[in-house]
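Trainee: Please find structure-v5.cif (mmCIF, C-alpha atoms) on the next line:
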data_data
#
loop_
_atom_site.group_PDB
_atom_site.id
_atom_site.type_symbol
_atom_site.label_atom_id
_atom_site.label_comp_id
_atom_site.auth_asym_id
_atom_site.auth_seq_id
_atom_site.Cartn_x
_atom_site.Cartn_y
_atom_site.Cartn_z
ATOM 1 C CA MET A 265 130.033 108.084 54.584
ATOM 2 C CA ASN A 266 127.951 107.949 57.782
ATOM 3 C CA GLU A 267 124.966 110.197 58.575
ATOM 4 C CA THR A 268 126.889 112.559 60.860
ATOM 5 C CA THR A 269 129.641 113.037 58.289
ATOM 6 C CA SER A 270 127.182 113.585 55.447
ATOM 7 C CA ILE A 271 125.330 116.321 57.362
ATOM 8 C CA SER A 272 128.531 117.932 58.608
ATOM 9 C CA VAL A 273 129.684 118.695 55.049
ATOM 10 C CA LEU A 274 126.600 120.849 54.479
ATOM 11 C CA PRO A 275 126.803 124.636 54.922
ATOM 12 C CA GLU A 276 126.155 125.829 58.484
ATOM 13 C CA VAL A 277 122.809 127.362 57.495
ATOM 14 C CA SER A 278 121.621 124.016 56.129
ATOM 15 C CA GLN A 279 122.826 122.225 59.271
ATOM 16 C CA SER A 280 120.846 124.657 61.426
ATOM 17 C CA GLU A 281 117.716 124.157 59.349
ATOM 18 C CA ILE A 282 118.009 120.381 59.617
ATOM 19 C CA LEU A 283 118.625 120.452 63.380
ATOM 20 C CA SER A 284 115.691 122.808 63.918
ATOM 21 C CA LEU A 285 113.418 120.089 62.504
ATOM 22 C CA THR A 286 114.541 117.557 65.119
ATOM 23 C CA SER A 287 114.277 118.126 68.884
ATOM 24 C CA PRO A 288 116.102 119.967 71.682
ATOM 25 C CA ARG A 289 117.548 116.665 72.866
ATOM 26 C CA ASN A 290 119.046 115.998 69.405
ATOM 27 C CA ALA A 291 120.466 119.533 69.212
ATOM 28 C CA PHE A 292 122.145 119.145 72.616
ATOM 29 C CA ARG A 293 123.568 115.826 71.497
ATOM 30 C CA ALA A 294 124.850 117.185 68.173
ATOM 31 C CA ALA A 295 126.637 120.077 69.884
ATOM 32 C CA ALA A 296 128.299 117.674 72.315
ATOM 33 C CA VAL A 297 129.559 115.045 69.876
ATOM 34 C CA SER A 298 130.700 117.118 66.923
ATOM 35 C CA LYS A 299 132.716 120.345 66.679
ATOM 36 C CA GLU A 300 131.384 120.744 63.148
ATOM 37 C CA PHE A 301 127.830 120.820 64.504
ATOM 38 C CA LYS A 302 128.373 123.042 67.557
ATOM 39 C CA SER A 303 128.065 126.406 65.814
ATOM 40 C CA ALA A 304 124.979 125.287 63.906
ATOM 41 C CA ALA A 305 123.469 123.562 66.943
ATOM 42 C CA ASP A 306 123.869 126.724 69.050
ATOM 43 C CA SER A 307 122.340 129.051 66.455
ATOM 44 C CA ASP A 308 119.229 131.156 66.974
ATOM 45 C CA THR A 309 117.692 129.446 63.917
ATOM 46 C CA VAL A 310 117.617 126.160 65.809
ATOM 47 C CA TRP A 311 116.541 127.346 69.248
ATOM 48 C CA LYS A 312 113.879 129.789 68.136
ATOM 49 C CA ARG A 313 112.133 126.830 66.498
ATOM 50 C CA PHE A 314 112.203 124.959 69.817
ATOM 51 C CA LEU A 315 110.711 127.842 71.799
ATOM 52 C CA PRO A 316 106.908 128.186 71.980
ATOM 53 C CA LEU A 317 105.422 130.398 69.271
ATOM 54 C CA ASP A 318 104.108 132.759 71.971
ATOM 55 C CA TYR A 319 107.320 132.909 74.024
ATOM 56 C CA ASP A 320 107.545 136.710 73.648
ATOM 57 C CA GLU A 321 104.086 137.108 75.169
ATOM 58 C CA ILE A 322 104.890 134.662 77.984
ATOM 59 C CA ILE A 323 108.131 136.296 79.108
ATOM 60 C CA SER A 324 106.542 139.756 78.853
ATOM 61 C CA GLN A 325 104.235 138.664 81.716
ATOM 62 C CA ALA A 326 107.121 137.594 83.966
ATOM 63 C CA VAL A 327 107.239 139.154 87.425
ATOM 64 C CA SER A 328 111.013 139.629 87.068
ATOM 65 C CA PRO A 329 112.711 140.581 83.763
ATOM 66 C CA VAL A 330 114.036 137.658 81.713
ATOM 67 C CA ALA A 331 117.477 138.549 80.325
ATOM 68 C CA PHE A 332 119.101 136.603 77.488
ATOM 69 C CA ASP A 333 121.450 137.247 74.559
ATOM 70 C CA SER A 334 120.655 134.192 72.442
ATOM 71 C CA GLN A 335 117.677 131.932 71.802
ATOM 72 C CA LYS A 336 119.547 128.948 73.242
ATOM 73 C CA LYS A 337 120.280 130.806 76.489
ATOM 74 C CA LEU A 338 116.623 131.745 76.729
ATOM 75 C CA TYR A 339 115.636 128.106 76.193
ATOM 76 C CA LEU A 340 118.070 126.981 78.897
ATOM 77 C CA HIS A 341 116.807 129.667 81.282
ATOM 78 C CA LEU A 342 113.199 128.557 80.787
ATOM 79 C CA SER A 343 113.955 124.836 81.014
ATOM 80 C CA ASP A 344 116.478 124.849 83.881
ATOM 81 C CA SER A 345 114.244 126.898 86.172
ATOM 82 C CA HIS A 346 110.732 128.321 86.355
ATOM 83 C CA ILE A 347 109.593 131.913 85.959
ATOM 84 C CA LEU A 348 106.635 133.469 87.773
ATOM 85 C CA LEU A 349 103.787 135.078 85.844
ATOM 86 C CA ASP A 350 100.450 136.650 86.721
ATOM 87 C CA ARG A 351 101.454 138.618 89.855
ATOM 88 C CA GLY A 352 103.524 135.659 90.990
ATOM 89 C CA TYR A 353 100.682 133.146 91.233
ATOM 90 C CA LEU A 354 101.412 131.194 88.028
ATOM 91 C CA SER A 355 104.668 129.353 87.311
ATOM 92 C CA PHE A 356 105.974 128.580 83.807
ATOM 93 C CA GLN A 357 108.762 126.288 82.630
ATOM 94 C CA LEU A 358 109.750 124.334 79.521
ATOM 95 C CA ASP A 359 110.276 120.596 79.501
ATOM 96 C CA LYS A 360 113.976 120.446 78.645
ATOM 97 C CA GLU A 361 113.902 117.458 76.313
ATOM 98 C CA SER A 362 110.785 118.313 74.320
ATOM 99 C CA GLY A 363 110.378 122.089 74.683
ATOM 100 C CA LYS A 364 106.727 121.631 75.709
ATOM 101 C CA LYS A 365 105.122 123.987 78.192
ATOM 102 C CA CYS A 366 104.737 123.218 81.896
ATOM 103 C CA TYR A 367 102.571 125.305 84.218
ATOM 104 C CA MET A 368 101.897 125.313 87.936
ATOM 105 C CA LEU A 369 98.828 127.117 89.247
ATOM 106 C CA GLY A 370 99.740 128.516 92.654
ATOM 107 C CA ALA A 371 97.315 128.091 95.548
ATOM 108 C CA ARG A 372 95.955 131.624 94.949
ATOM 109 C CA GLU A 373 94.957 130.524 91.426
ATOM 110 C CA LEU A 374 92.957 127.584 92.796
ATOM 111 C CA SER A 375 89.478 127.318 94.233
ATOM 112 C CA ILE A 376 89.722 125.730 97.688
ATOM 113 C CA ALA A 377 86.558 125.241 99.721
ATOM 114 C CA TRP A 378 86.537 127.669 102.696
ATOM 115 C CA GLN A 379 89.932 129.088 101.688
ATOM 116 C CA ASP A 380 89.137 132.600 102.920
ATOM 117 C CA ASP A 381 87.648 131.506 106.240
ATOM 118 C CA ASN A 382 90.498 131.632 108.749
ATOM 119 C CA ARG A 383 88.738 129.114 110.977
ATOM 120 C CA TYR A 384 89.688 126.484 108.393
ATOM 121 C CA TRP A 385 92.617 127.805 106.314
ATOM 122 C CA GLU A 386 95.354 130.388 106.603
ATOM 123 C CA TRP A 387 97.548 132.028 103.973
ATOM 124 C CA GLY A 388 101.270 132.395 104.484
ATOM 125 C CA HIS A 389 104.678 132.217 102.878
ATOM 126 C CA ILE A 390 107.193 129.450 103.467
ATOM 127 C CA PRO A 391 110.769 129.586 102.105
ATOM 128 C CA GLU A 392 110.445 126.257 100.293
ATOM 129 C CA SER A 393 107.692 127.564 97.985
ATOM 130 C CA ARG A 394 108.216 129.288 94.649
ATOM 131 C CA PHE A 395 105.044 131.325 95.252
ATOM 132 C CA PRO A 396 104.460 134.327 97.522
ATOM 133 C CA GLU A 397 101.727 132.439 99.398
ATOM 134 C CA VAL A 398 100.619 128.894 100.131
ATOM 135 C CA CYS A 399 97.353 127.734 101.676
ATOM 136 C CA ILE A 400 97.739 125.993 105.052
ATOM 137 C CA LEU A 401 94.956 123.831 106.433
ATOM 138 C CA ARG A 402 93.977 124.451 110.030
ATOM 139 C CA GLU A 403 91.045 122.068 110.269
ATOM 140 C CA VAL A 404 88.289 121.092 107.870
ATOM 141 C CA TRP A 405 85.948 118.241 107.025
ATOM 142 C CA TRP A 406 85.173 119.114 103.421
ATOM 143 C CA LEU A 407 88.447 119.148 101.461
ATOM 144 C CA GLU A 408 87.855 120.299 97.908
ATOM 145 C CA ILE A 409 90.592 121.734 95.666
ATOM 146 C CA GLN A 410 89.893 122.766 92.077
ATOM 147 C CA GLY A 411 91.988 124.282 89.314
ATOM 148 C CA ARG A 412 91.273 125.515 85.795
ATOM 149 C CA ILE A 413 93.523 126.463 82.888
ATOM 150 C CA ALA A 414 92.789 127.487 79.303
ATOM 151 C CA ALA A 415 93.878 124.786 76.851
ATOM 152 C CA VAL A 416 95.390 127.377 74.496
ATOM 153 C CA LYS A 417 98.154 127.964 77.056
ATOM 154 C CA LEU A 418 99.390 124.390 76.641
ATOM 155 C CA SER A 419 101.453 122.727 73.921
ATOM 156 C CA PRO A 420 99.352 121.065 71.202
ATOM 157 C CA LYS A 421 99.692 117.411 70.204
ATOM 158 C CA SER A 422 100.582 116.520 73.792
ATOM 159 C CA THR A 423 99.393 114.301 76.611
ATOM 160 C CA TYR A 424 99.414 116.253 79.871
ATOM 161 C CA VAL A 425 99.364 114.976 83.443
ATOM 162 C CA ALA A 426 98.028 117.105 86.319
ATOM 163 C CA TYR A 427 99.501 116.821 89.824
ATOM 164 C CA LEU A 428 98.527 118.288 93.191
ATOM 165 C CA VAL A 429 101.720 119.653 94.796
ATOM 166 C CA PHE A 430 101.724 119.809 98.594
ATOM 167 C CA GLN A 431 103.491 119.261 101.895
ATOM 168 C CA THR A 432 102.275 118.247 105.336
ATOM 169 C CA THR A 433 103.202 119.717 108.684
ATOM 170 C CA GLY A 434 104.760 117.678 111.479
ATOM 171 C CA TYR A 435 101.452 117.672 113.337
ATOM 172 C CA ALA A 436 99.206 116.735 110.382
ATOM 173 C CA TRP A 437 96.400 114.269 110.999
ATOM 174 C CA GLY A 438 93.314 112.941 109.207
ATOM 175 C CA LEU A 439 95.035 112.753 105.790
ATOM 176 C CA VAL A 440 95.222 108.946 105.644
ATOM 177 C CA VAL A 441 91.793 108.806 103.998
ATOM 178 C CA PRO A 442 90.938 107.777 100.410
ATOM 179 C CA ALA A 443 90.018 110.698 98.161
ATOM 180 C CA LYS A 444 88.741 111.121 94.605
ATOM 181 C CA THR A 445 90.298 113.092 91.765
ATOM 182 C CA LYS A 446 88.950 114.209 88.406
ATOM 183 C CA VAL A 447 90.361 115.827 85.281
ATOM 184 C CA SER A 448 87.863 117.059 82.670
ATOM 185 C CA TYR A 449 88.540 118.417 79.211
ATOM 186 C CA GLY A 450 86.918 118.345 75.795
ATOM 187 C CA GLY A 451 83.957 116.296 76.943
ATOM 188 C CA THR A 452 86.167 113.604 78.488
ATOM 189 C CA GLU A 453 86.541 112.950 82.209
ATOM 190 C CA MET A 454 89.176 110.895 84.002
ATOM 191 C CA GLU A 455 88.109 109.971 87.536
ATOM 192 C CA THR A 456 90.328 108.188 90.054
ATOM 193 C CA GLU A 457 89.373 106.777 93.444
ATOM 194 C CA ASN A 458 91.477 105.573 96.371
ATOM 195 C CA VAL A 459 93.908 108.505 96.170
ATOM 196 C CA TYR A 460 95.910 109.122 99.353
ATOM 197 C CA LEU A 461 97.779 112.206 100.556
ATOM 198 C CA GLN A 462 99.548 110.007 103.121
ATOM 199 C CA ARG A 463 100.188 106.276 102.992
ATOM 200 C CA PRO A 464 97.924 104.312 105.341
ATOM 201 C CA GLY A 465 99.263 101.438 107.401
ATOM 202 C CA ALA A 466 96.880 99.017 105.696
ATOM 203 C CA ILE A 467 94.315 99.226 102.894
ATOM 204 C CA GLY A 468 91.149 97.185 102.641
ATOM 205 C CA ARG A 469 90.013 95.699 99.362
ATOM 206 C CA THR A 470 88.190 98.368 97.373
ATOM 207 C CA GLY A 471 88.494 97.245 93.760
ATOM 208 C CA HIS A 472 90.610 100.322 92.949
ATOM 209 C CA VAL A 473 94.391 100.389 92.760
ATOM 210 C CA PRO A 474 95.562 102.915 95.398
ATOM 211 C CA VAL A 475 97.391 106.059 94.300
ATOM 212 C CA PHE A 476 100.111 107.354 96.619
ATOM 213 C CA PRO A 477 102.171 110.563 96.598
ATOM 214 C CA TRP A 478 105.890 110.717 95.894
ATOM 215 C CA ARG A 479 108.601 113.236 96.656
ATOM 216 C CA ARG A 480 109.714 115.643 93.947
ATOM 217 C CA LYS A 481 113.235 116.887 93.301
ATOM 218 C CA ASP A 482 112.303 120.248 94.853
ATOM 219 C CA GLY A 483 111.351 118.560 98.136
ATOM 220 C CA TRP A 484 107.564 118.885 97.764
ATOM 221 C CA MET A 485 105.177 115.951 97.439
ATOM 222 C CA GLU A 486 102.889 115.382 94.475
ATOM 223 C CA ILE A 487 99.913 113.173 93.701
ATOM 224 C CA LYS A 488 98.569 112.467 90.232
ATOM 225 C CA LEU A 489 95.112 113.892 89.579
ATOM 226 C CA GLY A 490 94.712 112.573 86.031
ATOM 227 C CA GLU A 491 95.735 113.127 82.427
ATOM 228 C CA PHE A 492 94.271 114.410 79.167
ATOM 229 C CA GLU A 493 95.064 114.938 75.483
ATOM 230 C CA CYS A 494 95.677 118.446 74.145
ATOM 231 C CA ASN A 495 95.351 118.504 70.348
ATOM 232 C CA GLU A 496 96.058 121.072 67.648
ATOM 233 C CA GLY A 497 93.409 123.782 67.554
ATOM 234 C CA ASP A 498 91.777 122.741 70.829
ATOM 235 C CA ASP A 499 90.232 125.430 72.992
ATOM 236 C CA GLY A 500 88.110 125.360 76.110
ATOM 237 C CA VAL A 501 89.175 124.892 79.721
ATOM 238 C CA VAL A 502 90.860 122.011 81.528
ATOM 239 C CA GLU A 503 89.318 121.389 84.956
ATOM 240 C CA MET A 504 91.099 119.474 87.732
ATOM 241 C CA ALA A 505 89.775 118.494 91.157
ATOM 242 C CA PHE A 506 90.716 116.735 94.393
ATOM 243 C CA ASP A 507 87.842 115.810 96.751
ATOM 244 C CA GLU A 508 87.780 114.182 100.185
ATOM 245 C CA HIS A 509 85.075 114.619 102.815
ATOM 246 C CA GLU A 510 85.184 111.565 105.032
ATOM 247 C CA ALA A 511 86.970 112.883 108.140
ATOM 248 C CA TRP A 512 88.275 115.963 109.939
ATOM 249 C CA LYS A 513 91.856 116.750 108.981
ATOM 250 C CA ASN A 514 94.593 119.378 109.312
ATOM 251 C CA GLY A 515 98.245 120.080 108.519
ATOM 252 C CA LEU A 516 98.038 120.114 104.700
ATOM 253 C CA ILE A 517 100.051 122.797 102.860
ATOM 254 C CA VAL A 518 98.857 123.393 99.308
ATOM 255 C CA GLU A 519 101.403 124.859 96.880
ATOM 256 C CA GLY A 520 99.471 124.349 93.661
ATOM 257 C CA ILE A 521 98.493 122.133 90.734
ATOM 258 C CA GLU A 522 101.133 121.423 88.109
ATOM 259 C CA LEU A 523 100.591 120.342 84.499
ATOM 260 C CA ARG A 524 103.474 118.593 82.710
ATOM 261 C CA PRO A 525 103.702 116.744 79.387
ATOM 262 C CA LYS A 526 103.754 113.001 79.815
#
Now, as a test, write the supplied structure out as structure tokens.

Mentor:
Amino acid sequence: MNETTSISVLPEVSQSEILSLTSPRNAFRAAAVSKEFKSAADSDTVWKRFLPLDYDEIISQAVSPVAFDSQKKLYLHLSDSHILLDRGYLSFQLDKESGKKCYMLGARELSIAWQDDNRYWEWGHIPESRFPEVCILREVWWLEIQGRIAAVKLSPKSTYVAYLVFQTTGYAWGLVVPAKTKVSYGGTEMETENVYLQRPGAIGRTGHVPVFPWRRKDGWMEIKLGEFECNEGDDGVVEMAFDEHEAWKNGLIVEGIELRPK
């Protein structure tokens, strides 16, 4: 008797309890390969275990109501698309395979040097953004973008990676300059040099491996800022930063900073 057959002869309640101790990926797989498992794999017992413990509190902060009639449908809603929280300036989503939390701090949740001085930056909405506003660079020398998030919002026992999410306008210039990034948490700092918002034609020898942006599925660009460990019972604040002040520049559109499990 193989493993699938041996589990399938158990009562549905027992099947649900066993599946709830695995992972969302395993539950999806079980529902797809076995009719005997489908009812158990779709049960609220299974999917409530995969949702964050504070999911009620999270969805209560959503800008738009979150409607669902089963725990699995709620999980799919939160993993297939994001929801906006905190007046629309914070985005939340679940990683579909693991159920771990993903957040994006919108530009209004960030600290950007000179962001409220319209000589250097302007605020506006573009259709491609999930947020009501993005921050659009007019011209500046000192480019400094910082974000902070409480560690208790994140999933414990996880390695997180922080990314700056952005676009550039067709007339952008001055962005082919090496920058520095830093992620700080729990007394540990990860600093990275030679980070580029746009690929230069050639790079001199600096001793640091260059970091380049790549295009996301949603059409935006992202650049890695750094990573950190989030452990059980951790508190405090995660701080993330992008710094470049070597040249005048313009044409950068900042959507936010995203944190995703590695």

Trainee: Please provide the set of residues having any atom within 8 Å of Ile521 (chain A), restricted to all atoms listed in the file, with same-chain residues fewer than 5 positions apart removed, written as an mmCIF file with C-alpha atoms, in the frame of the given file.

Mentor:
data_model
loop_
_atom_site.group_PDB
_atom_site.id
_atom_site.type_symbol
_atom_site.label_atom_id
_atom_site.label_comp_id
_atom_site.auth_asym_id
_atom_site.auth_seq_id
_atom_site.Cartn_x
_atom_site.Cartn_y
_atom_site.Cartn_z
ATOM 1 C CA MET A 368 101.897 125.313 87.936
ATOM 2 C CA LEU A 369 98.828 127.117 89.247
ATOM 3 C CA GLY A 370 99.740 128.516 92.654
ATOM 4 C CA ALA A 371 97.315 128.091 95.548
ATOM 5 C CA GLY A 411 91.988 124.282 89.314
ATOM 6 C CA ALA A 426 98.028 117.105 86.319
ATOM 7 C CA TYR A 427 99.501 116.821 89.824
ATOM 8 C CA LEU A 428 98.527 118.288 93.191
ATOM 9 C CA VAL A 429 101.720 119.653 94.796
#

Trainee: Please expand the PyMOL selection byres ((chain A and resi 339) around 12) into the concrete residues it hits in this file, giving the result as a CSV table (one decimal) with C-alpha atoms, in the coordinates of the input.

Mentor:
chain,number,residue,atom,x,y,z
A,288,PRO,CA,116.1,120.0,71.7
A,292,PHE,CA,122.1,119.1,72.6
A,306,ASP,CA,123.9,126.7,69.0
A,307,SER,CA,122.3,129.1,66.5
A,308,ASP,CA,119.2,131.2,67.0
A,310,VAL,CA,117.6,126.2,65.8
A,311,TRP,CA,116.5,127.3,69.2
A,312,LYS,CA,113.9,129.8,68.1
A,313,ARG,CA,112.1,126.8,66.5
A,314,PHE,CA,112.2,125.0,69.8
A,315,LEU,CA,110.7,127.8,71.8
A,316,PRO,CA,106.9,128.2,72.0
A,319,TYR,CA,107.3,132.9,74.0
A,323,ILE,CA,108.1,136.3,79.1
A,330,VAL,CA,114.0,137.7,81.7
A,331,ALA,CA,117.5,138.5,80.3
A,332,PHE,CA,119.1,136.6,77.5
A,333,ASP,CA,121.4,137.2,74.6
A,334,SER,CA,120.7,134.2,72.4
A,335,GLN,CA,117.7,131.9,71.8
A,336,LYS,CA,119.5,128.9,73.2
A,337,LYS,CA,120.3,130.8,76.5
A,338,LEU,CA,116.6,131.7,76.7
A,340,LEU,CA,118.1,127.0,78.9
A,341,HIS,CA,116.8,129.7,81.3
A,342,LEU,CA,113.2,128.6,80.8
A,343,SER,CA,114.0,124.8,81.0
A,344,ASP,CA,116.5,124.8,83.9
A,345,SER,CA,114.2,126.9,86.2
A,346,HIS,CA,110.7,128.3,86.4
A,357,GLN,CA,108.8,126.3,82.6
A,358,LEU,CA,109.8,124.3,79.5
A,359,ASP,CA,110.3,120.6,79.5
A,360,LYS,CA,114.0,120.4,78.6
A,361,GLU,CA,113.9,117.5,76.3
A,362,SER,CA,110.8,118.3,74.3
A,363,GLY,CA,110.4,122.1,74.7
A,364,LYS,CA,106.7,121.6,75.7
A,365,LYS,CA,105.1,124.0,78.2

Trainee: Find the nearest atom pair between each residue of region 392-470 of chain A and region 510-518 of chain A for residues within 9 Å, count only C-alpha atoms, give distances in Å to one decimal, sort rows by chain and ascending number, and present the table as CSV.

Mentor:
residue,atom,partner,partner_atom,distance
A:Val398,CA,A:Val518,CA,5.8
A:Cys399,CA,A:Val518,CA,5.2
A:Ile400,CA,A:Ile517,CA,4.5
A:Leu401,CA,A:Leu516,CA,5.1
A:Arg402,CA,A:Asn514,CA,5.2
A:Glu403,CA,A:Asn514,CA,4.6
A:Val404,CA,A:Trp512,CA,5.5
A:Trp405,CA,A:Trp512,CA,4.4
A:Trp406,CA,A:Glu510,CA,7.7
A:Leu407,CA,A:Lys513,CA,8.6
A:Leu428,CA,A:Val518,CA,8.0
A:Val429,CA,A:Val518,CA,6.5
A:Phe430,CA,A:Val518,CA,4.6
A:Gln431,CA,A:Ile517,CA,5.0
A:Thr432,CA,A:Leu516,CA,4.7
A:Thr433,CA,A:Gly515,CA,5.0
A:Gly434,CA,A:Gly515,CA,7.5
A:Tyr435,CA,A:Gly515,CA,6.3
A:Ala436,CA,A:Gly515,CA,3.9
A:Trp437,CA,A:Lys513,CA,5.6
A:Gly438,CA,A:Lys513,CA,4.1
A:Leu439,CA,A:Lys513,CA,6.0
A:Val441,CA,A:Glu510,CA,7.2
A:Pro442,CA,A:Glu510,CA,8.3
A:Ala443,CA,A:Glu510,CA,8.4
A:Leu461,CA,A:Leu516,CA,8.9

Trainee: What does the distance from CA of Cys494 (chain A) to CA of Gln410 (chain A) come to in Å, to one decimal?

Mentor: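 Computing the Euclidean distance for CA of Cys494 (chain A) and CA of Gln410 (chain A) yields 19.3 Å.
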
Trainee: Could you check how far CA of Ile413 (chain A) sits from CA of Val473 (chain A), in Å to one decimal?

Mentor: 27.9 Å

Trainee: Expressed in Å to a single decimal, how great is the separation between CA of Gly520 (chain A) and CA of Val416 (chain A)?

Mentor: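 Value for the CA of Gly520 (chain A)-CA of Val416 (chain A) distance: 19.8 Å.
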
Trainee: Pick out the residues sitting within 8 Å of region 392-395 of chain A, and hand them over as JSON, numbers by chain; count only C-alpha atoms, and ignore anything fewer than 4 positions along from it in its own chain.

Mentor: {"A": [348, 352, 353, 370, 519]}

Trainee: For Gly450 (chain A), which residue out of A:Asp499, A:Ala414, A:Lys526, A:Ala294 is the nearest one, using all atoms listed in the file?

Mentor: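 For Gly450 (chain A), the nearest of the candidates is A:Asp499.
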
Trainee: List the residues sitting within 8 Å of (87.5, 121.9, 75.2) in the file's frame, using only C-alpha atoms, as number ranges by chain.

Mentor: A: 415, 449-451, 498-502

Trainee: I'd like the box whose edges run along x, y and z of the file and which contains every listed atom of region 490-497 of chain A, padded by 5 Å per side; could you state its centre and edge lengths in Å, one decimal, as lines of an AutoDock Vina configuration file?

Mentor:
center_x = 94.7
center_y = 118.2
center_z = 76.8
size_x = 12.6
size_y = 21.2
size_z = 28.5

Trainee: Which residue is closest to Trp484 (chain A)? Choose from A:Glu522, A:Trp387, A:Thr423, A:Lys302 and count all atoms listed in the file.

Mentor: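 Checking each of A:Glu522, A:Trp387, A:Thr423, A:Lys302 against Trp484 (chain A), counting all atoms listed in the file, the winner is A:Glu522.
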
Trainee: Could you name the residues that touch Ile347 (chain A) at 7 Å or less, counting all atoms listed in the file, but leaving out those on the same chain fewer than 4 positions away, as a VMD selection string?

Mentor: chain A and resid 326 355 to 357

Trainee: Hey, can you spit out that residue selection with C-alpha atoms as a PDB file, keeping the file's coordinate frame?

Mentor:
ATOM      1  CA  ALA A 326     107.121 137.594  83.966  1.00  0.00           C
ATOM      2  CA  SER A 355     104.668 129.353  87.311  1.00  0.00           C
ATOM      3  CA  PHE A 356     105.974 128.580  83.807  1.00  0.00           C
ATOM      4  CA  GLN A 357     108.762 126.288  82.630  1.00  0.00           C
TER       5      GLN A 357
END

Trainee: Using only C-alpha atoms, find all polymer residues with an atom at most 7 Å away from the point (87.0, 118.5, 98.0); report them as a count of residues only.

Mentor: 9

Trainee: Do you know which residues are at most 8 Å from Lys421 (chain A) counting only C-alpha atoms, after dropping those on the same chain fewer than 4 positions away, and could you put them as a PyMOL selection string?

Mentor: chain A and resi 493-496

Trainee: From the block I gave, I'd like region 328-344 of chain A written with N, CA and C atoms, as a PDB file, in the first residue's frame.

Mentor:
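Contents of selection_10.pdb, as written:
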ATOM      1  N   SER A 328     -10.675  48.192   0.469  1.00  0.00           N
ATOM      2  CA  SER A 328     -11.911  47.646  -0.103  1.00  0.00           C
ATOM      3  C   SER A 328     -12.258  46.352   0.621  1.00  0.00           C
ATOM      4  N   PRO A 329     -13.546  46.068   0.837  1.00  0.00           N
ATOM      5  CA  PRO A 329     -13.941  44.842   1.548  1.00  0.00           C
ATOM      6  C   PRO A 329     -13.403  43.592   0.851  1.00  0.00           C
ATOM      7  N   VAL A 330     -12.999  42.618   1.663  1.00  0.00           N
ATOM      8  CA  VAL A 330     -12.504  41.339   1.143  1.00  0.00           C
ATOM      9  C   VAL A 330     -13.603  40.302   1.357  1.00  0.00           C
ATOM     10  N   ALA A 331     -14.220  39.846   0.267  1.00  0.00           N
ATOM     11  CA  ALA A 331     -15.331  38.899   0.354  1.00  0.00           C
ATOM     12  C   ALA A 331     -14.834  37.480   0.083  1.00  0.00           C
ATOM     13  N   PHE A 332     -15.303  36.528   0.879  1.00  0.00           N
ATOM     14  CA  PHE A 332     -14.927  35.130   0.677  1.00  0.00           C
ATOM     15  C   PHE A 332     -15.938  34.250   1.399  1.00  0.00           C
ATOM     16  N   ASP A 333     -16.118  33.016   0.903  1.00  0.00           N
ATOM     17  CA  ASP A 333     -17.051  32.093   1.554  1.00  0.00           C
ATOM     18  C   ASP A 333     -16.372  30.805   1.991  1.00  0.00           C
ATOM     19  N   SER A 334     -15.046  30.764   1.897  1.00  0.00           N
ATOM     20  CA  SER A 334     -14.290  29.637   2.439  1.00  0.00           C
ATOM     21  C   SER A 334     -12.868  30.114   2.706  1.00  0.00           C
ATOM     22  N   GLN A 335     -12.158  29.400   3.566  1.00  0.00           N
ATOM     23  CA  GLN A 335     -10.787  29.771   3.889  1.00  0.00           C
ATOM     24  C   GLN A 335      -9.868  29.588   2.677  1.00  0.00           C
ATOM     25  N   LYS A 336     -10.146  28.584   1.851  1.00  0.00           N
ATOM     26  CA  LYS A 336      -9.324  28.390   0.660  1.00  0.00           C
ATOM     27  C   LYS A 336      -9.507  29.547  -0.322  1.00  0.00           C
ATOM     28  N   LYS A 337     -10.749  29.999  -0.502  1.00  0.00           N
ATOM     29  CA  LYS A 337     -10.984  31.121  -1.416  1.00  0.00           C
ATOM     30  C   LYS A 337     -10.328  32.393  -0.898  1.00  0.00           C
ATOM     31  N   LEU A 338     -10.310  32.567   0.417  1.00  0.00           N
ATOM     32  CA  LEU A 338      -9.614  33.715   0.974  1.00  0.00           C
ATOM     33  C   LEU A 338      -8.119  33.608   0.697  1.00  0.00           C
ATOM     34  N   TYR A 339      -7.561  32.413   0.909  1.00  0.00           N
ATOM     35  CA  TYR A 339      -6.134  32.203   0.646  1.00  0.00           C
ATOM     36  C   TYR A 339      -5.804  32.512  -0.812  1.00  0.00           C
ATOM     37  N   LEU A 340      -6.636  32.016  -1.725  1.00  0.00           N
ATOM     38  CA  LEU A 340      -6.400  32.256  -3.153  1.00  0.00           C
ATOM     39  C   LEU A 340      -6.508  33.738  -3.487  1.00  0.00           C
ATOM     40  N   HIS A 341      -7.477  34.412  -2.871  1.00  0.00           N
ATOM     41  CA  HIS A 341      -7.652  35.851  -3.108  1.00  0.00           C
ATOM     42  C   HIS A 341      -6.404  36.611  -2.667  1.00  0.00           C
ATOM     43  N   LEU A 342      -5.853  36.238  -1.511  1.00  0.00           N
ATOM     44  CA  LEU A 342      -4.708  36.960  -0.963  1.00  0.00           C
ATOM     45  C   LEU A 342      -3.390  36.573  -1.626  1.00  0.00           C
ATOM     46  N   SER A 343      -3.353  35.425  -2.283  1.00  0.00           N
ATOM     47  CA  SER A 343      -2.104  34.996  -2.921  1.00  0.00           C
ATOM     48  C   SER A 343      -2.092  35.274  -4.427  1.00  0.00           C
ATOM     49  N   ASP A 344      -3.269  35.356  -5.037  1.00  0.00           N
ATOM     50  CA  ASP A 344      -3.332  35.637  -6.479  1.00  0.00           C
ATOM     51  C   ASP A 344      -3.247  37.123  -6.782  1.00  0.00           C
TER      52      ASP A 344
END
